[in-house]
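Following: one structure in structure tokens, then a few remarks.
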Amino acid sequence: MAVTGGLAKLDVGVLNAEQQEKLRQFKIKTRIDNEKYLRSHPEVEVLIGDFLREVLLNRPADIRQFAADHFTNPNLHAVIGSKMEGNME
């Protein structure tokens, strides 16, 4: 059976202990940085939520084209801005 994606088998011996610790620290720092960014940009949550809502309501056959159209909408900034104001009330 062919593997369609990802790793077929994890090789835990590839990294030595020091490399594993560096990787662990990198993952922790990345997660903290991502969390800080998302907390300072609440519009990201509204933007993603709006997109997912539209996807689930419309169930487009071509999700890539739908996403391209959604995120290139010239009124997107205004739409997200009005939803952000609605969330603050």
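Within each chain, counting starts at residue 1; across the structure tokens, chains are named A, B, ... in the order shown, with ligands numbered 1 upward in that order.
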| message | When DSSP is applied to the backbone of this structure, which of chain A are assigned helix (DSSP H, G or I)? Write them out as a PyMOL selection string. | response | chain A and resi 17-40+43-58+63-71+76-88
| query | Leaving out Leu47 of chain A and any residue of its chain fewer than 3 positions from it, which residues lie within 12 Å of it when counting only C-alpha atoms, given as a list in words? | reply |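 Returned residues: Leu38, His41, Pro42, Glu43, Val44, Asp50, Phe51, Leu52, Arg53, Glu54, Ala67, His70, Phe71, Leu76, His77, Ala78, Val79, Ile80, Gly81, Ser82, Lys83 and Met84 of chain A.
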Selected residues, C-alpha atoms, written as an mmCIF file, in the first residue's frame, please.
data_model
loop_
_atom_site.group_PDB
_atom_site.id
_atom_site.type_symbol
_atom_site.label_atom_id
_atom_site.label_comp_id
_atom_site.auth_asym_id
_atom_site.auth_seq_id
_atom_site.Cartn_x
_atom_site.Cartn_y
_atom_site.Cartn_z
ATOM 1 C CA LEU A 38 -3.131 36.123 17.558
ATOM 2 C CA HIS A 41 -4.647 40.686 16.147
ATOM 3 C CA PRO A 42 -8.199 39.608 17.029
ATOM 4 C CA GLU A 43 -9.236 40.334 13.454
ATOM 5 C CA VAL A 44 -7.546 37.070 12.411
ATOM 6 C CA ASP A 50 -16.127 34.467 8.544
ATOM 7 C CA PHE A 51 -14.422 32.391 5.864
ATOM 8 C CA LEU A 52 -15.347 29.080 7.519
ATOM 9 C CA ARG A 53 -18.940 30.231 7.974
ATOM 10 C CA GLU A 54 -19.185 31.094 4.270
ATOM 11 C CA ALA A 67 -11.055 31.020 -1.073
ATOM 12 C CA HIS A 70 -13.283 35.434 -0.700
ATOM 13 C CA PHE A 71 -9.867 36.775 0.290
ATOM 14 C CA LEU A 76 -13.296 42.306 2.816
ATOM 15 C CA HIS A 77 -11.634 44.934 5.004
ATOM 16 C CA ALA A 78 -14.957 46.700 5.552
ATOM 17 C CA VAL A 79 -16.823 43.449 6.164
ATOM 18 C CA ILE A 80 -14.337 42.279 8.795
ATOM 19 C CA GLY A 81 -14.224 45.760 10.333
ATOM 20 C CA SER A 82 -18.000 45.839 10.760
ATOM 21 C CA LYS A 83 -17.970 42.353 12.290
ATOM 22 C CA MET A 84 -15.203 43.421 14.670
#
| message | With distances taken over only C-alpha atoms, which residue among A:Val46, A:Leu15, A:Leu56, A:Ile63 lies nearest Gly86 of chain A? | response |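 Under the stated criterion, the closest residue is A:Val46.
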| query | What is the atom CA of Glu45 of chain A-atom CA of Glu85 of chain A distance in Å, reported with one decimal? | reply |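 Value for the atom CA of Glu45 of chain A-atom CA of Glu85 of chain A distance: 13.5 Å.
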| query | When you draw a straight line from atom CA of Arg31 of chain A to atom CA of Phe66 of chain A, how long is it in Å? | reply |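 Atom-to-atom, atom CA of Arg31 of chain A to atom CA of Phe66 of chain A, that is 29.3 Å.
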| Distance of atom CA of Glu35 of chain A from atom CA of Asn16 of chain A, expressed in Å to one decimal place | 28.6 Å
